[in-house]
file run.cif (mmCIF, C-alpha atoms)
data_data
loop_
_atom_site.group_PDB
_atom_site.id
_atom_site.type_symbol
_atom_site.label_atom_id
_atom_site.label_comp_id
_atom_site.auth_asym_id
_atom_site.auth_seq_id
_atom_site.Cartn_x
_atom_site.Cartn_y
_atom_site.Cartn_z
ATOM 1 C CA MET A 224 175.381 36.536 -30.478
ATOM 2 C CA TRP A 225 175.593 32.872 -29.488
ATOM 3 C CA HIS A 226 178.534 33.390 -27.147
ATOM 4 C CA LYS A 227 176.520 35.938 -25.135
ATOM 5 C CA PHE A 228 174.098 33.407 -23.676
ATOM 6 C CA MET A 229 175.980 30.108 -24.074
ATOM 7 C CA PRO A 230 177.496 30.234 -20.544
ATOM 8 C CA ILE A 231 173.995 30.463 -19.027
ATOM 9 C CA TYR A 232 172.696 27.819 -21.435
ATOM 10 C CA ARG A 233 175.438 25.359 -20.447
ATOM 11 C CA ARG A 234 174.900 26.122 -16.753
ATOM 12 C CA GLU A 235 171.138 25.496 -17.022
ATOM 13 C CA LEU A 236 171.607 22.332 -19.045
ATOM 14 C CA LYS A 237 174.084 20.987 -16.511
ATOM 15 C CA SER A 238 171.720 21.772 -13.638
ATOM 16 C CA TYR A 239 169.081 19.460 -15.158
ATOM 17 C CA PHE A 240 171.517 16.549 -15.116
ATOM 18 C CA THR A 241 172.528 17.183 -11.508
ATOM 19 C CA SER A 242 168.966 17.446 -10.207
ATOM 20 C CA PRO A 243 166.561 14.514 -9.774
ATOM 21 C CA THR A 244 163.592 16.643 -10.911
ATOM 22 C CA GLY A 245 164.438 16.379 -14.606
ATOM 23 C CA TYR A 246 164.978 12.623 -14.411
ATOM 24 C CA ILE A 247 161.712 12.111 -12.539
ATOM 25 C CA ALA A 248 159.735 14.239 -15.016
ATOM 26 C CA ALA A 249 161.293 12.458 -18.020
ATOM 27 C CA ALA A 250 160.646 9.044 -16.474
ATOM 28 C CA MET A 251 157.029 9.973 -15.771
ATOM 29 C CA PHE A 252 156.536 11.155 -19.346
ATOM 30 C CA LEU A 253 158.142 8.115 -20.959
ATOM 31 C CA PHE A 254 156.239 5.706 -18.697
ATOM 32 C CA LEU A 255 152.854 7.351 -19.267
ATOM 33 C CA SER A 256 153.358 7.867 -23.013
ATOM 34 C CA GLY A 257 154.416 4.213 -23.274
ATOM 35 C CA LEU A 258 151.301 3.210 -21.370
ATOM 36 C CA PHE A 259 149.125 5.264 -23.729
ATOM 37 C CA PHE A 260 150.910 3.764 -26.728
ATOM 38 C CA TYR A 261 150.351 0.229 -25.463
ATOM 39 C CA GLY A 262 146.668 0.954 -24.846
ATOM 40 C CA ILE A 263 146.215 2.476 -28.312
ATOM 41 C CA MET A 264 147.899 -0.486 -30.032
ATOM 42 C CA GLU A 265 145.932 -2.962 -27.912
ATOM 43 C CA ASN A 266 142.680 -1.220 -28.796
ATOM 44 C CA PHE A 267 143.586 -1.205 -32.500
ATOM 45 C CA SER A 268 144.341 -4.918 -32.352
ATOM 46 C CA GLU A 269 140.958 -5.570 -30.759
ATOM 47 C CA LEU A 270 139.161 -3.433 -33.348
ATOM 48 C CA SER A 271 140.960 -5.115 -36.249
ATOM 49 C CA GLY A 272 140.271 -8.674 -35.178
ATOM 50 C CA ASN A 273 136.774 -8.348 -33.727
ATOM 51 C CA ALA A 274 134.006 -7.394 -36.137
ATOM 52 C CA GLU A 275 131.433 -7.496 -33.345
ATOM 53 C CA TYR A 276 133.453 -4.985 -31.319
ATOM 54 C CA ARG A 277 133.715 -2.675 -34.340
ATOM 55 C CA LYS A 278 129.953 -2.859 -34.721
ATOM 56 C CA GLN A 279 129.481 -1.965 -31.051
ATOM 57 C CA VAL A 280 131.649 1.158 -31.332
ATOM 58 C CA GLY A 281 130.124 2.132 -34.687
ATOM 59 C CA LEU A 282 133.105 1.530 -36.989
ATOM 60 C CA ASP A 283 132.812 -0.206 -40.351
ATOM 61 C CA HIS A 284 136.578 -0.343 -40.858
ATOM 62 C CA VAL A 285 139.685 0.766 -38.980
ATOM 63 C CA ASN A 286 142.330 3.072 -40.439
ATOM 64 C CA PHE A 287 145.632 2.473 -38.651
ATOM 65 C CA THR A 288 146.973 5.963 -39.299
ATOM 66 C CA GLN A 289 143.857 7.709 -38.055
ATOM 67 C CA HIS A 290 143.338 5.401 -35.110
ATOM 68 C CA ALA A 291 146.894 4.884 -33.836
ATOM 69 C CA VAL A 292 148.979 7.844 -35.042
ATOM 70 C CA LYS A 293 146.426 10.563 -34.373
ATOM 71 C CA GLN A 294 145.549 9.223 -30.910
ATOM 72 C CA LEU A 295 149.193 8.719 -29.940
ATOM 73 C CA TYR A 296 150.351 12.235 -30.739
ATOM 74 C CA TRP A 297 147.210 13.823 -29.336
ATOM 75 C CA SER A 298 147.928 11.947 -26.100
ATOM 76 C CA ILE A 299 151.554 13.110 -26.085
ATOM 77 C CA ASN A 300 150.532 16.739 -26.624
ATOM 78 C CA PHE A 301 148.069 16.495 -23.743
ATOM 79 C CA LEU A 302 150.562 14.721 -21.482
ATOM 80 C CA LEU A 303 153.095 17.509 -22.039
ATOM 81 C CA LEU A 304 150.633 19.910 -20.361
ATOM 82 C CA PHE A 305 151.509 18.212 -17.077
ATOM 83 C CA ILE A 306 155.193 17.446 -17.688
ATOM 84 C CA VAL A 307 156.558 20.696 -19.158
ATOM 85 C CA PRO A 308 155.650 22.818 -16.081
ATOM 86 C CA ILE A 309 157.851 20.485 -14.015
ATOM 87 C CA PHE A 310 160.796 21.179 -16.323
ATOM 88 C CA THR A 311 160.267 24.942 -16.346
ATOM 89 C CA MET A 312 159.163 25.697 -12.774
ATOM 90 C CA ARG A 313 162.678 26.193 -11.409
ATOM 91 C CA LEU A 314 164.178 28.227 -14.278
ATOM 92 C CA ILE A 315 163.727 31.696 -12.757
ATOM 93 C CA ALA A 316 161.758 31.034 -9.553
ATOM 94 C CA GLU A 317 164.670 29.125 -8.013
ATOM 95 C CA GLU A 318 167.103 31.916 -8.923
ATOM 96 C CA LYS A 319 164.879 34.461 -7.197
ATOM 97 C CA LYS A 320 164.416 32.385 -4.052
ATOM 98 C CA SER A 321 168.112 31.546 -3.667
ATOM 99 C CA GLY A 322 169.217 35.114 -4.357
ATOM 100 C CA THR A 323 171.398 34.169 -7.320
ATOM 101 C CA PHE A 324 169.178 36.086 -9.720
ATOM 102 C CA GLU A 325 170.619 39.421 -8.567
ATOM 103 C CA LEU A 326 174.120 38.028 -9.088
ATOM 104 C CA LEU A 327 173.163 36.830 -12.566
ATOM 105 C CA THR A 328 171.775 40.233 -13.552
ATOM 106 C CA SER A 329 174.927 41.956 -12.300
ATOM 107 C CA LEU A 330 176.962 40.063 -14.884
ATOM 108 C CA PRO A 331 177.293 41.367 -18.468
ATOM 109 C CA PHE A 332 174.135 39.618 -19.707
ATOM 110 C CA THR A 333 171.013 41.301 -21.016
ATOM 111 C CA ASP A 334 167.539 40.147 -20.033
ATOM 112 C CA TRP A 335 167.180 38.608 -23.472
ATOM 113 C CA ASN A 336 170.437 36.659 -23.005
ATOM 114 C CA ILE A 337 169.095 35.204 -19.758
ATOM 115 C CA VAL A 338 165.636 34.408 -21.133
ATOM 116 C CA ILE A 339 166.844 32.844 -24.393
ATOM 117 C CA ALA A 340 169.485 30.741 -22.613
ATOM 118 C CA LYS A 341 167.038 29.388 -20.041
ATOM 119 C CA TYR A 342 164.381 28.787 -22.683
ATOM 120 C CA LEU A 343 166.732 26.867 -24.978
ATOM 121 C CA ALA A 344 168.079 24.769 -22.103
ATOM 122 C CA ALA A 345 164.586 23.659 -21.075
ATOM 123 C CA TYR A 346 163.505 23.103 -24.680
ATOM 124 C CA THR A 347 166.624 21.054 -25.395
ATOM 125 C CA LEU A 348 165.673 18.672 -22.587
ATOM 126 C CA VAL A 349 162.024 18.437 -23.640
ATOM 127 C CA ALA A 350 162.916 17.941 -27.326
ATOM 128 C CA GLY A 351 165.459 15.276 -26.367
ATOM 129 C CA MET A 352 162.780 13.512 -24.339
ATOM 130 C CA LEU A 353 160.448 13.602 -27.343
ATOM 131 C CA LEU A 354 163.159 12.195 -29.612
ATOM 132 C CA ILE A 355 163.216 9.076 -27.443
ATOM 133 C CA THR A 356 159.590 8.450 -28.438
ATOM 134 C CA VAL A 357 160.708 8.052 -32.060
ATOM 135 C CA TYR A 358 161.077 4.341 -31.271
ATOM 136 C CA TYR A 359 157.257 4.157 -31.367
ATOM 137 C CA ILE A 360 157.459 4.672 -35.139
ATOM 138 C CA PRO A 361 159.198 1.387 -36.072
ATOM 139 C CA VAL A 362 156.905 -0.420 -33.631
ATOM 140 C CA MET A 363 153.869 1.020 -35.440
ATOM 141 C CA ALA A 364 155.424 0.091 -38.788
ATOM 142 C CA ARG A 365 155.934 -3.467 -37.501
ATOM 143 C CA PHE A 366 152.298 -3.996 -36.512
ATOM 144 C CA GLY A 367 150.511 -1.790 -39.039
ATOM 145 C CA GLN A 368 150.918 0.329 -42.144
ATOM 146 C CA PRO A 369 150.956 3.949 -40.970
ATOM 147 C CA ASP A 370 151.195 6.763 -43.482
ATOM 148 C CA MET A 371 154.747 7.904 -42.716
ATOM 149 C CA SER A 372 154.111 11.432 -43.960
ATOM 150 C CA VAL A 373 151.362 11.778 -41.317
ATOM 151 C CA VAL A 374 153.671 10.306 -38.660
ATOM 152 C CA TRP A 375 156.470 12.779 -39.303
ATOM 153 C CA VAL A 376 154.146 15.773 -39.570
ATOM 154 C CA ALA A 377 152.567 14.741 -36.246
ATOM 155 C CA PHE A 378 156.014 14.448 -34.643
ATOM 156 C CA LEU A 379 157.109 17.804 -36.048
ATOM 157 C CA GLY A 380 153.904 19.316 -34.694
ATOM 158 C CA THR A 381 154.721 17.926 -31.250
ATOM 159 C CA LEU A 382 158.041 19.805 -31.338
ATOM 160 C CA PHE A 383 156.174 23.034 -32.158
ATOM 161 C CA VAL A 384 153.690 22.375 -29.355
ATOM 162 C CA ALA A 385 156.487 21.688 -26.863
ATOM 163 C CA ALA A 386 158.233 24.933 -27.863
ATOM 164 C CA ALA A 387 155.111 26.924 -26.990
ATOM 165 C CA TYR A 388 154.593 25.032 -23.727
ATOM 166 C CA VAL A 389 158.155 25.767 -22.580
ATOM 167 C CA ALA A 390 157.749 29.496 -23.316
ATOM 168 C CA VAL A 391 154.568 29.641 -21.214
ATOM 169 C CA GLY A 392 156.263 27.689 -18.426
ATOM 170 C CA LEU A 393 159.253 30.043 -18.408
ATOM 171 C CA PHE A 394 156.942 33.043 -18.135
ATOM 172 C CA ALA A 395 155.125 31.436 -15.198
ATOM 173 C CA SER A 396 158.467 30.847 -13.484
ATOM 174 C CA SER A 397 159.307 34.548 -13.805
ATOM 175 C CA LEU A 398 156.159 35.549 -11.895
ATOM 176 C CA THR A 399 156.998 33.956 -8.552
ATOM 177 C CA GLU A 400 159.772 32.720 -6.271
ATOM 178 C CA ASN A 401 157.939 29.483 -5.463
ATOM 179 C CA GLN A 402 158.567 26.598 -7.868
ATOM 180 C CA ILE A 403 155.328 24.766 -7.063
ATOM 181 C CA THR A 404 153.339 27.960 -7.626
ATOM 182 C CA ALA A 405 155.156 28.466 -10.935
ATOM 183 C CA ALA A 406 154.256 24.916 -12.031
ATOM 184 C CA ILE A 407 150.600 25.469 -11.112
ATOM 185 C CA PHE A 408 150.519 28.825 -12.942
ATOM 186 C CA ALA A 409 152.027 27.215 -16.034
ATOM 187 C CA PHE A 410 149.642 24.255 -15.982
ATOM 188 C CA VAL A 411 146.551 26.463 -15.564
ATOM 189 C CA ALA A 412 147.683 28.809 -18.365
ATOM 190 C CA LEU A 413 148.454 25.915 -20.718
ATOM 191 C CA LEU A 414 145.210 24.125 -19.937
ATOM 192 C CA GLY A 415 143.300 27.363 -20.555
ATOM 193 C CA LEU A 416 145.000 27.876 -23.928
ATOM 194 C CA PHE A 417 144.426 24.215 -24.774
ATOM 195 C CA LEU A 418 140.713 24.189 -23.953
ATOM 196 C CA ILE A 419 139.720 27.766 -24.828
ATOM 197 C CA GLY A 420 138.139 26.600 -28.076
ATOM 198 C CA ASP A 421 135.839 24.203 -26.199
ATOM 199 C CA VAL A 422 133.676 27.029 -24.871
ATOM 200 C CA THR A 423 132.011 27.169 -28.279
ATOM 201 C CA THR A 424 130.323 24.671 -30.577
ATOM 202 C CA PRO A 425 132.180 23.242 -33.604
ATOM 203 C CA THR A 426 129.991 25.364 -35.899
ATOM 204 C CA GLY A 427 130.418 28.497 -33.788
ATOM 205 C CA GLN A 428 130.728 31.846 -35.538
ATOM 206 C CA GLY A 429 132.079 35.223 -34.522
ATOM 207 C CA ILE A 430 133.694 35.196 -31.081
ATOM 208 C CA GLY A 431 133.242 31.435 -30.846
ATOM 209 C CA ARG A 432 135.191 30.811 -34.044
ATOM 210 C CA THR A 433 137.893 33.239 -32.916
ATOM 211 C CA LEU A 434 138.308 31.396 -29.607
ATOM 212 C CA GLU A 435 138.544 28.116 -31.485
ATOM 213 C CA ARG A 436 141.368 29.512 -33.636
ATOM 214 C CA LEU A 437 143.175 30.680 -30.481
ATOM 215 C CA SER A 438 143.095 27.176 -29.033
ATOM 216 C CA MET A 439 146.319 25.179 -28.846
ATOM 217 C CA ARG A 440 144.243 22.048 -29.160
ATOM 218 C CA TRP A 441 142.748 23.056 -32.507
ATOM 219 C CA HIS A 442 146.130 23.887 -34.040
ATOM 220 C CA SER A 443 147.876 20.822 -32.609
ATOM 221 C CA GLU A 444 145.156 18.534 -33.955
ATOM 222 C CA GLN A 445 145.905 19.719 -37.484
ATOM 223 C CA PHE A 446 149.398 18.280 -37.081
ATOM 224 C CA THR A 447 148.121 14.984 -35.655
ATOM 225 C CA GLN A 448 145.979 14.583 -38.776
ATOM 226 C CA GLY A 449 149.069 14.971 -40.954
ATOM 227 C CA VAL A 450 148.150 18.479 -42.122
ATOM 228 C CA LEU A 451 151.234 20.703 -42.301
ATOM 229 C CA ARG A 452 150.075 24.319 -42.508
ATOM 230 C CA LEU A 453 151.984 27.567 -42.154
ATOM 231 C CA GLU A 454 149.098 28.912 -40.053
ATOM 232 C CA ASP A 455 149.630 26.321 -37.321
ATOM 233 C CA ALA A 456 153.430 26.657 -37.275
ATOM 234 C CA ALA A 457 153.043 30.445 -37.110
ATOM 235 C CA TYR A 458 150.561 30.166 -34.230
ATOM 236 C CA PHE A 459 152.976 28.271 -31.989
ATOM 237 C CA THR A 460 155.886 30.479 -33.057
ATOM 238 C CA ILE A 461 153.903 33.573 -32.091
ATOM 239 C CA ILE A 462 153.061 31.995 -28.718
ATOM 240 C CA VAL A 463 156.783 31.486 -28.118
ATOM 241 C CA ILE A 464 157.639 35.082 -29.066
ATOM 242 C CA ILE A 465 154.842 36.605 -26.965
ATOM 243 C CA PHE A 466 155.682 34.696 -23.787
ATOM 244 C CA LEU A 467 159.442 35.193 -24.130
ATOM 245 C CA PHE A 468 158.758 38.923 -24.548
ATOM 246 C CA LEU A 469 156.520 38.930 -21.446
ATOM 247 C CA THR A 470 159.216 37.093 -19.490
ATOM 248 C CA CYS A 471 161.748 39.740 -20.465
ATOM 249 C CA ARG A 472 159.386 42.474 -19.315
ATOM 250 C CA CYS A 473 158.991 40.714 -15.954
ATOM 251 C CA LEU A 474 162.766 40.642 -15.504
ATOM 252 C CA GLU A 475 162.992 44.267 -16.528
ATOM 253 C CA LEU A 476 160.370 45.269 -13.944
ATOM 254 C CA ARG A 477 162.305 43.398 -11.262
ATOM 255 C CA ARG A 478 165.448 45.343 -12.148
ATOM 256 C CA TRP A 479 163.547 48.605 -11.702
ATOM 257 C CA ARG A 480 162.146 47.503 -8.342
ATOM 258 C CA VAL A 481 165.615 46.596 -7.173
#
call {"tool": "encode", "arguments": {"input": "run.cif", "output": "structure tokens"}}
result
Amino acid sequence: MWHKFMPIYRRELKSYFTSPTGYIAAAMFLFLSGLFFYGIMENFSELSGNAEYRKQVGLDHVNFTQHAVKQLYWSINFLLLFIVPIFTMRLIAEEKKSGTFELLTSLPFTDWNIVIAKYLAAYTLVAGMLLITVYYIPVMARFGQPDMSVVWVAFLGTLFVAAAYVAVGLFASSLTENQITAAIFAFVALLGLFLIGDVTTPTGQGIGRTLERLSMRWHSEQFTQGVLRLEDAAYFTIIVIIFLFLTCRCLELRRWRV
């Protein structure tokens, strides 16, 4: 099965390294995440050494893991809402606009081969970008005493979150021939899924509680707290499957129109 989509996967992966878009998006992410990390560590340092400041913000004591680790990975998950659409906007939209999509579909590849290859290429780049942020971990260990189990669960959760984001971005790219439009579609969809739980109160019941459980934010926050649950991993896996399936259906409809 692997050999069926590997040519497309290698082609897509190579295209990221020959285009400035991927470099710009990665640089933006690493710069902004580094800025957030510096701010979080600076704020922790201020809280730790200034009892008066702690009193002002209503904290009796400061837990490094809760303050630094949770805030860092929540910030990364939120930042990916803006960065992932940049990585995914060209995947199918560019093929449609340039006319190479018809050529691609005339080759002996199924829709699933095309979708899986493009998805894995984009996810490989995003996951690689996230792996670079692993250097934050020894820095945190140098200046504090983080619970390493929480750190690694939070990082693993970020990989799950990124997987879902890429699937949504790929689907958005299949809806249009314009890359900017695809990026906007992806961002709006991701932001909606991220904030859908905020339309209800924390003690909401019925439809409110259901919306909260459908929220990417609610599930991702479980990871940032160091809670590794099958429910949260399954949620993001299902998001990936649903949006890859929808992308395939979009390609199938295009074949019929042609």
call {"tool": "residues_around", "arguments": {"input": "run.cif", "residues": "A:Phe383", "least_positions_apart": "6", "cutoff": "9 Å", "atoms": "only C-alpha atoms", "output": "number ranges by chain"}}
result
A: 443, 455-456, 459-460
call {"tool": "resolve_selection", "arguments": {"input": "run.cif", "expression": "the PyMOL selection byres ((chain A and resi 444) around 10)", "output": "ChimeraX atom specification"}}
result
/A:293-294,296-297,300,377,380-381,439-443,445-450,455
call {"tool": "resolve_selection", "arguments": {"input": "run.cif", "expression": "the PyMOL selection byres ((chain A and resi 340) around 12)", "output": "PyMOL selection string"}}
result
chain A and resi 224-236+314-315+332-339+341-347+390+393+467
call {"tool": "residues_around", "arguments": {"input": "run.cif", "residues": "stretch 355-369 of chain A", "least_positions_apart": "3", "cutoff": "10 Å", "atoms": "all atoms listed in the file", "output": "mmCIF file with C-alpha atoms, keeping the file's coordinate frame"}}
result
data_model
loop_
_atom_site.group_PDB
_atom_site.id
_atom_site.type_symbol
_atom_site.label_atom_id
_atom_site.label_comp_id
_atom_site.auth_asym_id
_atom_site.auth_seq_id
_atom_site.Cartn_x
_atom_site.Cartn_y
_atom_site.Cartn_z
ATOM 1 C CA PHE A 252 156.536 11.155 -19.346
ATOM 2 C CA LEU A 253 158.142 8.115 -20.959
ATOM 3 C CA SER A 256 153.358 7.867 -23.013
ATOM 4 C CA GLY A 257 154.416 4.213 -23.274
ATOM 5 C CA PHE A 260 150.910 3.764 -26.728
ATOM 6 C CA TYR A 261 150.351 0.229 -25.463
ATOM 7 C CA MET A 264 147.899 -0.486 -30.032
ATOM 8 C CA PHE A 267 143.586 -1.205 -32.500
ATOM 9 C CA SER A 268 144.341 -4.918 -32.352
ATOM 10 C CA ASN A 286 142.330 3.072 -40.439
ATOM 11 C CA PHE A 287 145.632 2.473 -38.651
ATOM 12 C CA THR A 288 146.973 5.963 -39.299
ATOM 13 C CA GLN A 289 143.857 7.709 -38.055
ATOM 14 C CA HIS A 290 143.338 5.401 -35.110
ATOM 15 C CA ALA A 291 146.894 4.884 -33.836
ATOM 16 C CA VAL A 292 148.979 7.844 -35.042
ATOM 17 C CA LEU A 295 149.193 8.719 -29.940
ATOM 18 C CA ILE A 299 151.554 13.110 -26.085
ATOM 19 C CA ALA A 350 162.916 17.941 -27.326
ATOM 20 C CA GLY A 351 165.459 15.276 -26.367
ATOM 21 C CA MET A 352 162.780 13.512 -24.339
ATOM 22 C CA SER A 372 154.111 11.432 -43.960
ATOM 23 C CA VAL A 373 151.362 11.778 -41.317
ATOM 24 C CA VAL A 374 153.671 10.306 -38.660
ATOM 25 C CA TRP A 375 156.470 12.779 -39.303
ATOM 26 C CA PHE A 378 156.014 14.448 -34.643
#
call {"tool": "resolve_selection", "arguments": {"input": "run.cif", "expression": "the PyMOL selection byres ((chain A and resi 311) around 8)", "output": "list in words"}}
result
Val307, Pro308, Ile309, Phe310, Met312, Arg313, Leu314, Ala345, Val389, Gly392, Leu393, Ser396 and Ala406 of chain A
call {"tool": "write_last_selection", "arguments": {"input": "run.cif", "atoms": "C-alpha atoms", "output": "PDB file, in the frame of the given file"}}
result
ATOM      1  CA  VAL A 307     156.558  20.696 -19.158  1.00  0.00           C
ATOM      2  CA  PRO A 308     155.650  22.818 -16.081  1.00  0.00           C
ATOM      3  CA  ILE A 309     157.851  20.485 -14.015  1.00  0.00           C
ATOM      4  CA  PHE A 310     160.796  21.179 -16.323  1.00  0.00           C
ATOM      5  CA  MET A 312     159.163  25.697 -12.774  1.00  0.00           C
ATOM      6  CA  ARG A 313     162.678  26.193 -11.409  1.00  0.00           C
ATOM      7  CA  LEU A 314     164.178  28.227 -14.278  1.00  0.00           C
ATOM      8  CA  ALA A 345     164.586  23.659 -21.075  1.00  0.00           C
ATOM      9  CA  VAL A 389     158.155  25.767 -22.580  1.00  0.00           C
ATOM     10  CA  GLY A 392     156.263  27.689 -18.426  1.00  0.00           C
ATOM     11  CA  LEU A 393     159.253  30.043 -18.408  1.00  0.00           C
ATOM     12  CA  SER A 396     158.467  30.847 -13.484  1.00  0.00           C
ATOM     13  CA  ALA A 406     154.256  24.916 -12.031  1.00  0.00           C
TER      14      ALA A 406
END
call {"tool": "atom_distance", "arguments": {"input": "run.cif", "atom1": "atom CA of A:Phe410", "atom2": "atom CA of A:Ser321"}}
result
23.4 Å
call {"tool": "residues_near_point", "arguments": {"input": "run.cif", "point": "(149.6, 34.0, -17.1)", "cutoff": "12 Å", "atoms": "all atoms listed in the file", "output": "ChimeraX atom specification"}}
result
/A:390-399,404-416,465-466,469-470,473
call {"tool": "atom_distance", "arguments": {"input": "run.cif", "atom1": "atom CA of A:Phe468", "atom2": "atom CA of A:Asn401"}}
result
21.3 Å
call {"tool": "atom_distance", "arguments": {"input": "run.cif", "atom1": "atom CA of A:Asp370", "atom2": "atom CA of A:Leu453"}}
result
20.9 Å
